[in-house]
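Asker: Structure file protein21.cif (mmCIF, C-alpha atoms) is given on the next line.
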data_run
loop_
_atom_site.label_atom_id
_atom_site.label_comp_id
_atom_site.auth_asym_id
_atom_site.auth_seq_id
_atom_site.Cartn_x
_atom_site.Cartn_y
_atom_site.Cartn_z
CA MET A 26 118.20 31.38 115.02
CA LYS A 27 119.68 34.79 115.63
CA GLN A 28 121.25 35.38 112.24
CA LEU A 29 117.90 34.72 110.57
CA PHE A 30 116.38 37.41 112.78
CA TYR A 31 119.13 39.81 111.78
CA PHE A 32 118.60 39.19 108.07
CA ILE A 33 114.86 39.71 108.43
CA LEU A 34 115.57 43.07 110.05
CA LEU A 35 117.96 43.96 107.27
CA ILE A 36 115.55 43.15 104.47
CA ALA A 37 112.38 44.47 106.09
CA GLY A 38 113.74 47.61 107.69
CA ILE A 39 116.11 49.12 105.15
CA SER A 40 115.11 51.28 102.22
CA SER A 41 117.33 52.70 99.56
CA ILE A 42 117.19 56.50 99.63
CA HIS A 43 120.39 58.49 99.95
CA SER A 44 121.11 62.20 100.22
CA CYS A 45 123.34 64.52 98.24
CA LYS A 46 125.91 64.59 101.05
CA ASP A 47 126.90 61.11 99.96
CA MET A 48 127.81 62.22 96.45
CA VAL A 49 131.41 63.25 97.20
CA ASP A 50 134.26 61.17 98.60
CA GLU A 51 136.49 62.03 101.57
CA GLU A 52 138.54 64.33 99.32
CA GLY A 53 135.51 66.09 97.85
CA ASN A 54 135.64 64.30 94.49
CA PRO A 55 132.26 63.60 92.84
CA LEU A 56 130.84 60.11 92.98
CA ILE A 57 128.47 58.22 90.75
CA ASP A 58 124.87 59.41 91.20
CA LEU A 59 122.72 56.39 91.93
CA ASN A 60 119.63 58.21 90.66
CA GLN A 61 121.18 58.39 87.20
CA SER A 62 121.87 55.56 84.82
CA SER A 63 124.96 56.97 83.10
CA GLY A 64 127.62 55.99 85.66
CA PHE A 65 131.19 56.62 84.55
CA ASN A 66 133.86 54.93 82.47
CA GLY A 67 137.31 53.76 83.47
CA PRO A 68 138.74 52.21 86.64
CA ARG A 69 136.61 52.51 89.75
CA ALA A 70 136.62 51.54 93.42
CA LEU A 71 133.80 50.67 95.79
CA PHE A 72 133.48 53.67 98.10
CA ARG A 73 130.37 53.38 100.27
CA GLU A 74 127.51 51.10 101.20
CA ILE A 75 124.60 53.18 102.47
CA THR A 76 120.95 53.03 103.47
CA ASP A 77 118.49 55.86 104.00
CA SER A 78 119.56 56.15 107.64
CA ASP A 79 123.21 55.18 107.86
CA THR A 80 126.49 54.43 106.18
CA ILE A 81 127.18 50.71 106.52
CA ALA A 82 130.75 50.89 105.28
CA GLU A 83 133.15 53.42 103.80
CA TYR A 84 136.21 52.15 101.95
CA ARG A 85 139.38 54.24 101.89
CA TYR A 86 142.40 53.77 99.69
CA ASN A 87 146.10 54.55 99.52
CA GLY A 88 146.57 54.84 95.80
CA LEU A 89 145.01 51.70 94.35
CA LEU A 90 145.22 49.68 97.58
CA LEU A 91 142.48 49.38 100.19
CA SER A 92 143.84 50.98 103.37
CA SER A 93 140.93 51.12 105.83
CA VAL A 94 137.22 50.43 106.18
CA ILE A 95 135.06 52.57 108.45
CA THR A 96 131.83 51.01 109.72
CA ASP A 97 129.14 51.76 112.29
CA LYS A 98 129.92 53.31 115.69
CA TYR A 99 133.22 54.66 114.36
CA SER A 100 134.56 51.14 114.03
CA ALA A 101 137.54 50.76 111.73
CA ALA A 102 139.56 48.00 110.07
CA ASN A 103 143.06 49.07 109.02
CA VAL A 104 144.53 47.05 106.18
CA MET A 105 148.28 46.50 105.77
CA TRP A 106 150.00 45.14 102.68
CA SER A 107 153.18 43.31 101.79
CA GLY A 108 153.64 43.88 98.08
CA ASP A 109 150.38 43.01 96.37
CA LYS A 110 149.00 40.90 99.25
CA ILE A 111 147.23 41.84 102.47
CA SER A 112 149.49 40.89 105.38
CA GLN A 113 147.52 42.15 108.39
CA ILE A 114 144.16 43.61 109.38
CA ASP A 115 143.65 45.44 112.67
CA PHE A 116 140.07 46.03 113.80
CA LYS A 117 138.86 48.25 116.64
CA GLY A 118 135.19 48.88 117.30
CA HIS A 119 131.86 47.12 117.61
CA LEU A 120 130.37 44.05 115.94
CA ASP A 121 127.02 42.27 115.97
CA ASN A 122 128.31 39.10 117.60
CA ASP A 123 124.94 37.94 118.94
CA GLY A 124 123.20 38.38 115.58
CA ASP A 125 120.29 40.49 116.85
CA GLY A 126 120.71 43.19 114.22
CA ASP A 127 122.30 45.76 116.55
CA LEU A 128 125.97 46.38 117.21
CA ASP A 129 126.98 45.10 120.62
CA ALA A 130 127.99 47.47 123.40
CA ASP A 131 131.15 45.40 123.87
CA SER A 132 134.24 46.81 122.22
CA ILE A 133 136.24 44.38 120.07
CA VAL A 134 139.90 44.61 119.15
CA TYR A 135 141.54 42.02 116.92
CA THR A 136 144.59 41.54 114.76
CA GLN A 137 144.60 39.08 111.89
CA LEU A 138 147.85 37.92 110.26
CA PHE A 139 147.68 36.41 106.76
CA THR A 140 149.87 33.61 105.44
CA TYR A 141 150.08 32.60 101.79
CA GLY A 142 151.06 29.27 100.24
CA ASN A 143 153.38 28.43 97.36
CA LEU A 144 150.76 29.32 94.75
CA GLY A 145 150.16 32.71 96.32
CA ARG A 146 146.81 31.66 97.80
CA LEU A 147 145.72 32.71 101.27
CA THR A 148 146.06 29.58 103.43
CA ILE A 149 146.14 30.63 107.10
CA ILE A 150 144.67 33.49 109.12
CA SER A 151 145.82 33.71 112.73
CA GLU A 152 143.85 36.02 114.98
CA ASN A 153 144.18 37.46 118.48
CA ARG A 154 140.92 38.98 119.71
CA SER A 155 140.12 40.91 122.88
CA THR A 156 136.68 41.87 124.18
CA PHE A 157 136.22 44.90 126.41
CA LYS A 158 133.10 45.47 128.51
CA ARG A 159 131.94 48.51 130.47
CA ALA A 160 131.44 48.13 134.19
CA ALA A 161 127.92 48.46 135.57
CA PRO A 162 127.01 51.95 136.81
CA VAL A 163 127.53 52.66 140.49
CA PRO A 164 124.30 54.06 142.00
CA PRO A 165 123.08 56.72 142.03
CA SER A 166 124.86 57.20 138.70
CA THR A 167 123.32 55.61 135.62
CA THR A 168 126.46 56.00 133.51
CA PRO A 169 128.37 52.78 132.87
CA GLY A 170 131.98 52.67 133.97
CA PRO A 171 135.00 52.65 131.66
CA TYR A 172 135.81 49.77 129.33
CA ALA A 173 137.95 47.01 130.82
CA LEU A 174 139.36 43.83 129.31
CA ASP A 175 136.86 40.98 129.69
CA SER A 176 138.33 38.12 127.64
CA LYS A 177 140.91 37.18 125.04
CA VAL A 178 140.84 34.39 122.47
CA LYS A 179 143.22 32.97 119.89
CA VAL A 180 141.72 31.87 116.58
CA LEU A 181 143.23 29.93 113.70
CA TYR A 182 141.62 29.65 110.25
CA ASP A 183 142.94 27.09 107.75
CA LEU A 184 141.81 27.62 104.15
CA THR A 185 141.96 24.86 101.53
CA TYR A 186 141.19 25.03 97.82
CA SER A 187 139.81 22.63 95.24
CA SER A 188 142.54 20.77 93.38
CA THR A 189 140.47 20.89 90.19
CA THR A 190 139.00 24.41 90.15
CA GLY A 191 141.35 26.29 92.49
CA LYS A 192 138.34 27.82 94.26
CA LEU A 193 138.03 28.14 98.04
CA ASP A 194 136.76 24.77 99.25
CA VAL A 195 136.87 24.64 103.07
CA ILE A 196 137.63 26.94 105.98
CA ASN A 197 138.45 25.14 109.22
CA MET A 198 138.38 27.28 112.35
CA LYS A 199 139.48 26.54 115.89
CA ASN A 200 139.72 28.87 118.87
CA GLY A 201 140.41 28.88 122.58
CA PRO A 202 140.60 31.27 125.53
CA ASP A 203 143.88 33.08 126.05
CA ALA A 204 144.11 33.49 129.83
CA ILE A 205 147.13 34.26 131.98
CA GLY A 206 148.35 31.28 133.97
CA ILE A 207 146.25 28.73 132.06
CA PRO A 208 147.85 26.51 129.39
CA PHE A 209 146.38 27.37 126.02
CA GLU A 210 144.25 24.81 124.19
CA TYR A 211 141.65 25.03 121.48
CA LYS A 212 138.09 24.56 122.74
CA ASP A 213 135.77 25.26 119.80
CA TYR A 214 135.77 24.54 116.08
CA SER A 215 133.79 25.23 112.94
CA LYS A 216 134.01 23.90 109.41
CA THR A 217 132.65 25.77 106.41
CA THR A 218 132.34 24.08 103.03
CA TYR A 219 131.65 25.92 99.78
CA THR A 220 129.77 24.73 96.70
CA TYR A 221 129.81 26.56 93.38
CA LEU A 222 127.67 26.99 90.31
CA GLY A 223 130.14 28.13 87.71
CA ASP A 224 132.24 30.83 89.37
CA ASN A 225 129.56 31.79 91.90
CA VAL A 226 129.18 30.46 95.43
CA SER A 227 125.90 28.54 95.42
CA LYS A 228 126.08 27.25 99.00
CA ALA A 229 128.05 27.73 102.20
CA GLU A 230 127.45 25.21 104.98
CA ARG A 231 128.97 25.75 108.42
CA HIS A 232 129.08 23.30 111.33
CA TYR A 233 130.11 24.20 114.88
CA GLY A 234 131.23 22.01 117.76
CA LYS A 235 133.52 21.52 120.74
CA ILE A 236 137.09 20.26 120.85
CA ASN A 237 137.91 17.69 123.53
CA ALA A 238 141.51 16.60 124.08
CA GLY A 239 142.38 17.85 120.61
CA ILE A 240 139.55 15.93 118.92
CA ASN A 241 136.59 17.59 117.23
CA GLY A 242 133.32 16.44 118.77
CA PRO A 243 129.98 16.09 116.97
CA ALA A 244 128.58 19.25 115.43
CA ILE A 245 126.06 20.96 117.72
CA GLU A 246 125.08 23.72 115.28
CA LYS A 247 124.65 23.43 111.51
CA TYR A 248 123.58 26.18 109.11
CA ALA A 249 123.24 26.21 105.34
CA TYR A 250 123.29 29.38 103.25
CA GLU A 251 122.19 29.01 99.63
CA PHE A 252 122.60 31.70 96.97
CA LEU A 253 120.17 31.40 94.09
CA ASN A 254 119.13 33.10 90.85
CA TYR A 255 122.41 34.87 90.18
CA ASP A 256 122.37 37.78 87.76
CA SER A 257 124.95 38.21 85.00
CA GLN A 258 126.12 41.68 86.02
CA ILE A 259 129.10 42.82 88.14
CA ASN A 260 129.07 42.29 91.91
CA PRO A 261 130.37 45.42 93.74
CA TYR A 262 132.59 43.25 95.93
CA THR A 263 134.68 42.16 92.93
CA LEU A 264 136.47 45.48 93.53
CA LEU A 265 137.67 44.39 97.00
CA PRO A 266 140.64 42.10 97.74
CA PHE A 267 139.87 38.43 98.32
CA ALA A 268 141.65 38.39 101.70
CA TYR A 269 139.57 41.31 102.96
CA LYS A 270 136.34 39.61 101.88
CA VAL A 271 137.28 36.44 103.75
CA SER A 272 138.16 38.52 106.80
CA THR A 273 134.74 40.19 106.64
CA ILE A 274 132.92 36.85 106.48
CA LEU A 275 134.90 35.63 109.51
CA ALA A 276 134.49 38.83 111.56
CA THR A 277 131.69 37.23 113.61
CA ASP A 278 130.68 33.63 114.22
CA TYR A 279 127.51 33.85 112.12
CA ASN A 280 128.22 35.94 109.07
CA ASP A 281 128.19 33.33 106.33
CA ASP A 282 125.20 34.93 104.60
CA ALA A 283 127.91 37.31 103.30
CA SER A 284 129.63 34.48 101.39
CA SER A 285 128.16 35.64 98.09
CA MET A 286 130.64 38.53 98.19
CA LEU A 287 133.16 35.94 96.95
CA SER A 288 131.14 35.62 93.71
CA PRO A 289 131.55 37.69 90.53
CA ASN A 290 127.77 38.06 90.23
CA SER A 291 124.97 38.77 92.72
CA PRO A 292 122.24 36.35 93.92
CA LYS A 293 118.64 37.53 93.75
CA ARG A 294 117.58 35.01 96.38
CA ILE A 295 119.22 33.87 99.62
CA SER A 296 118.08 30.87 101.65
CA ILE A 297 119.19 30.26 105.26
CA THR A 298 118.43 26.96 106.99
CA ASP A 299 119.04 25.66 110.49
CA LEU A 300 119.96 22.06 109.72
CA THR A 301 119.60 20.88 113.32
CA GLN A 302 115.81 21.23 113.25
CA PRO A 303 113.75 18.00 112.93
CA ILE A 304 112.30 19.37 109.70
CA PRO A 305 114.71 22.03 108.39
CA THR A 306 112.72 24.92 106.95
CA PRO A 307 114.61 27.57 104.99
CA ALA A 308 114.02 31.27 105.44
CA ILE A 309 114.11 32.81 101.98
CA PHE A 310 114.88 36.42 101.06
CA SER A 311 114.82 37.95 97.60
CA THR A 312 115.53 41.26 95.91
CA ASP A 313 115.57 43.04 92.57
CA TYR A 314 118.81 44.76 91.62
CA ARG A 315 119.56 48.03 89.87
CA TYR A 316 122.66 48.57 87.73
CA ASP A 317 124.57 51.42 86.16
CA ALA A 318 125.44 51.71 82.48
CA GLN A 319 128.64 49.70 82.98
CA THR A 320 126.57 46.84 84.52
CA TYR A 321 127.85 47.33 88.08
CA MET A 322 125.17 46.62 90.66
CA ILE A 323 124.14 49.80 92.48
CA ARG A 324 121.23 48.68 94.67
CA GLY A 325 120.02 45.44 96.22
CA PHE A 326 118.63 44.07 99.50
CA GLY A 327 117.99 47.66 100.64
CA VAL A 328 121.61 48.77 100.26
CA ASN A 329 123.00 51.34 97.82
CA TYR A 330 126.54 50.95 96.48
CA ILE A 331 128.51 54.07 95.64
CA TYR A 332 131.66 54.05 93.52
CA LYS A 333 134.51 56.48 92.99
CA PRO A 334 136.89 56.83 90.05
CA MET A 335 140.40 55.50 90.59
#
Please, can you express the file's structure as structure tokens?
Answerer:
Amino acid sequence: MKQLFYFILLIAGISSIHSCKDMVDEEGNPLIDLNQSSGFNGPRALFREITDSDTIAEYRYNGLLLSSVITDKYSAANVMWSGDKISQIDFKGHLDNDGDGDLDADSIVYTQLFTYGNLGRLTIISENRSTFKRAAPVPPSTTPGPYALDSKVKVLYDLTYSSTTGKLDVINMKNGPDAIGIPFEYKDYSKTTYTYLGDNVSKAERHYGKINAGINGPAIEKYAYEFLNYDSQINPYTLLPFAYKVSTILATDYNDDASSMLSPNSPKRISITDLTQPIPTPAIFSTDYRYDAQTYMIRGFGVNYIYKPM
């Protein structure tokens, strides 16, 4: 189970030291010092997620609106708005699609378009994704060739909400290869269902399968992600737009361990289970959090969260 391996690497291999170079934003403004407990008052934005060795994400803003997110290997997601809603996200860079804990050498480019329903809720995400691979080196050279288009896919995500709570209930996904000269049809599907304890996501369960003649076949992969022992403090991701958080969860096929970013609080324990095993055995990971004086979480699962005043 590749995503389990990735999470083990994340928890076991990451510590939480950061250097003074991280204590100013891109404009040179001072940031909250994670080694202090005072924090700051007033409106804030999530600015960076860092470890002792790398910056996982840097969030940039145009006024009060999230405008771009810079991640590893100079990857970037540019966020476009229509009024107060995200209308489009363009990503260019590298992702960990195989779940081994390292960013893939393949270059990924995708555009996601966001559609909202009558109640203003995000209901559909349509995506066009291209994968670029480097050609093998030509001997005697050991340098790979330039990137060239390898494949294209079309993806459609359909989001539904509980009629009683209004919370995100199900995400149905279907995708298919987008090849010149071949009639398009969806080939793969997944279905993710969400369970809540209060306002927090307590479980995300995702099933994957094939589509044959427009009909979903039996699930061939099933994973459950449980989020336990929530704290009562403020989750850093409450500062990010809902549509961006959903986009992040859907960025790769196996990223549902990030579903707790939809919650207002933070889980101290995460359980991941491959439900296709004869005797499903969960892999369990736990952490202790640190908070600032305004009760925002500033460290957990080996990651430090840095804020900036808005």
Asker: What residues come out when you apply the PyMOL selection byres ((chain A and resi 256) around 6) to this file, written as a PDB file with C-alpha atoms, in the frame of the given file?
Answerer:
ATOM      1  CA  TYR A 255     122.410  34.870  90.180  1.00  0.00           C
ATOM      2  CA  SER A 257     124.950  38.210  85.000  1.00  0.00           C
ATOM      3  CA  GLN A 258     126.120  41.680  86.020  1.00  0.00           C
ATOM      4  CA  ASN A 290     127.770  38.060  90.230  1.00  0.00           C
ATOM      5  CA  SER A 291     124.970  38.770  92.720  1.00  0.00           C
TER       6      SER A 291
END
Asker: Can you tell me, as a CSV table (one decimal) with C-alpha atoms, in the coordinates of the input, what residues are no more than 12 Å from Gly201 in chain A when counting only C-alpha atoms, ignoring any on the same chain fewer than 5 positions away?
Answerer:
chain,number,residue,atom,x,y,z
A,152,GLU,CA,143.8,36.0,115.0
A,153,ASN,CA,144.2,37.5,118.5
A,154,ARG,CA,140.9,39.0,119.7
A,176,SER,CA,138.3,38.1,127.6
A,177,LYS,CA,140.9,37.2,125.0
A,178,VAL,CA,140.8,34.4,122.5
A,179,LYS,CA,143.2,33.0,119.9
A,180,VAL,CA,141.7,31.9,116.6
A,181,LEU,CA,143.2,29.9,113.7
A,207,ILE,CA,146.2,28.7,132.1
A,208,PRO,CA,147.8,26.5,129.4
A,209,PHE,CA,146.4,27.4,126.0
A,210,GLU,CA,144.2,24.8,124.2
A,211,TYR,CA,141.6,25.0,121.5
A,212,LYS,CA,138.1,24.6,122.7
A,213,ASP,CA,135.8,25.3,119.8
A,214,TYR,CA,135.8,24.5,116.1
A,235,LYS,CA,133.5,21.5,120.7
A,236,ILE,CA,137.1,20.3,120.8
A,237,ASN,CA,137.9,17.7,123.5
A,239,GLY,CA,142.4,17.8,120.6
Asker: Could you list the residues chosen by the PyMOL selection byres ((chain A and resi 244) around 10) in this structure as a PyMOL selection string?
Answerer: chain A and resi 214-216+231-235+241-243+245-247+301
Asker: Care to translate the PyMOL selection byres ((chain A and resi 111-117) around 9) into actual residues of this file, as a list in words?
Answerer: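 Selection result, ordered by chain and number: Ser93, Tyr99, Ser100, Ala101, Ala102, Asn103, Val104, Met105, Trp106, Ser107, Gly108, Asp109, Lys110, Gly118, His119, Ser132, Ile133, Val134, Tyr135, Thr136, Gln137, Leu138, Phe139, Thr140, Pro266, Ala268, Tyr269 and Ser272 of chain A.
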Asker: Please produce an output containing C-alpha atoms for each residue in the selection, written as a compact mmCIF listing (two decimals), keeping the file's coordinate frame.
Answerer:
# COMPACT_ATOMS: atom_id res chain seq x y z
CA SER A 93 140.93 51.12 105.83
CA TYR A 99 133.22 54.66 114.36
CA SER A 100 134.56 51.14 114.03
CA ALA A 101 137.54 50.76 111.73
CA ALA A 102 139.56 48.00 110.07
CA ASN A 103 143.06 49.07 109.02
CA VAL A 104 144.53 47.05 106.18
CA MET A 105 148.28 46.50 105.77
CA TRP A 106 150.00 45.14 102.68
CA SER A 107 153.18 43.31 101.79
CA GLY A 108 153.64 43.88 98.08
CA ASP A 109 150.38 43.01 96.37
CA LYS A 110 149.00 40.90 99.25
CA GLY A 118 135.19 48.88 117.30
CA HIS A 119 131.86 47.12 117.61
CA SER A 132 134.24 46.81 122.22
CA ILE A 133 136.24 44.38 120.07
CA VAL A 134 139.90 44.61 119.15
CA TYR A 135 141.54 42.02 116.92
CA THR A 136 144.59 41.54 114.76
CA GLN A 137 144.60 39.08 111.89
CA LEU A 138 147.85 37.92 110.26
CA PHE A 139 147.68 36.41 106.76
CA THR A 140 149.87 33.61 105.44
CA PRO A 266 140.64 42.10 97.74
CA ALA A 268 141.65 38.39 101.70
CA TYR A 269 139.57 41.31 102.96
CA SER A 272 138.16 38.52 106.80
Asker: For the atom pair CA of Leu71 in chain A and CA of Asn225 in chain A, what is the interatomic distance in Å to one decimal place?
Answerer: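 Atom-to-atom, CA of Leu71 in chain A to CA of Asn225 in chain A, that is 19.7 Å.
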Asker: Quote the spacing between CA of Ser284 in chain A and CA of Asn254 in chain A in Å to one decimal place.
Answerer: 14.9 Å
Asker: Find, counting all atoms listed in the file, the residue in A:Pro202, A:Gln319, A:Ile309, A:Thr298 that gets nearest to Leu253 in chain A.
Answerer: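 Counting all atoms listed in the file, the residue closest to Leu253 in chain A is A:Ile309.
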Asker: Pick out the residues sitting within 8 Å of Leu91 in chain A, and hand them over as a list in words; count all atoms listed in the file, and ignore anything fewer than 4 positions along from it in its own chain.
Answerer: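 My reading of the contact set: Tyr84, Arg85, Tyr86, Asn87, Val104, Leu265 and Pro266 of chain A.
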Asker: Using C-alpha atoms, can you export the residues from the last selection as a PDB file, keeping the file's coordinate frame?
Answerer:
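Saved the output as out-v2.pdb:
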ATOM      1  CA  TYR A  84     136.210  52.150 101.950  1.00  0.00           C
ATOM      2  CA  ARG A  85     139.380  54.240 101.890  1.00  0.00           C
ATOM      3  CA  TYR A  86     142.400  53.770  99.690  1.00  0.00           C
ATOM      4  CA  ASN A  87     146.100  54.550  99.520  1.00  0.00           C
ATOM      5  CA  VAL A 104     144.530  47.050 106.180  1.00  0.00           C
ATOM      6  CA  LEU A 265     137.670  44.390  97.000  1.00  0.00           C
ATOM      7  CA  PRO A 266     140.640  42.100  97.740  1.00  0.00           C
TER       8      PRO A 266
END
Asker: Of the candidates A:Asn200, A:Asn280, A:Ser288, A:Thr168, which one gets nearest to Val226 in chain A if we count only C-alpha atoms?
Answerer: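 Closest candidate: A:Ser288.
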Asker: Contacts of range 218-221 of chain A at 10 Å or less, counting all atoms listed in the file, minus same-chain residues fewer than 4 places along, as a VMD selection string?
Answerer: chain A and resid 185 to 187 190 192 to 197 225 to 232 249 to 252 284 288
Asker: Report the distance between CA of Asp224 in chain A and CA of Thr189 in chain A in Å, rounded to one decimal place.
Answerer: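 Interatomic distance here is 12.9 Å.
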Asker: Choose the residue, out of A:Leu275, A:Leu222, A:Leu264, A:Ile304, that has the smallest atom-to-atom separation from Ile150 in chain A; count all atoms listed in the file.
Answerer: A:Leu275
Asker: Pick out the residues sitting within 9 Å of Ala283 in chain A, and hand them over as number ranges by chain; count only C-alpha atoms, and ignore anything fewer than 2 positions along from it in its own chain.
Answerer: A: 270, 273-274, 280-281, 285-287
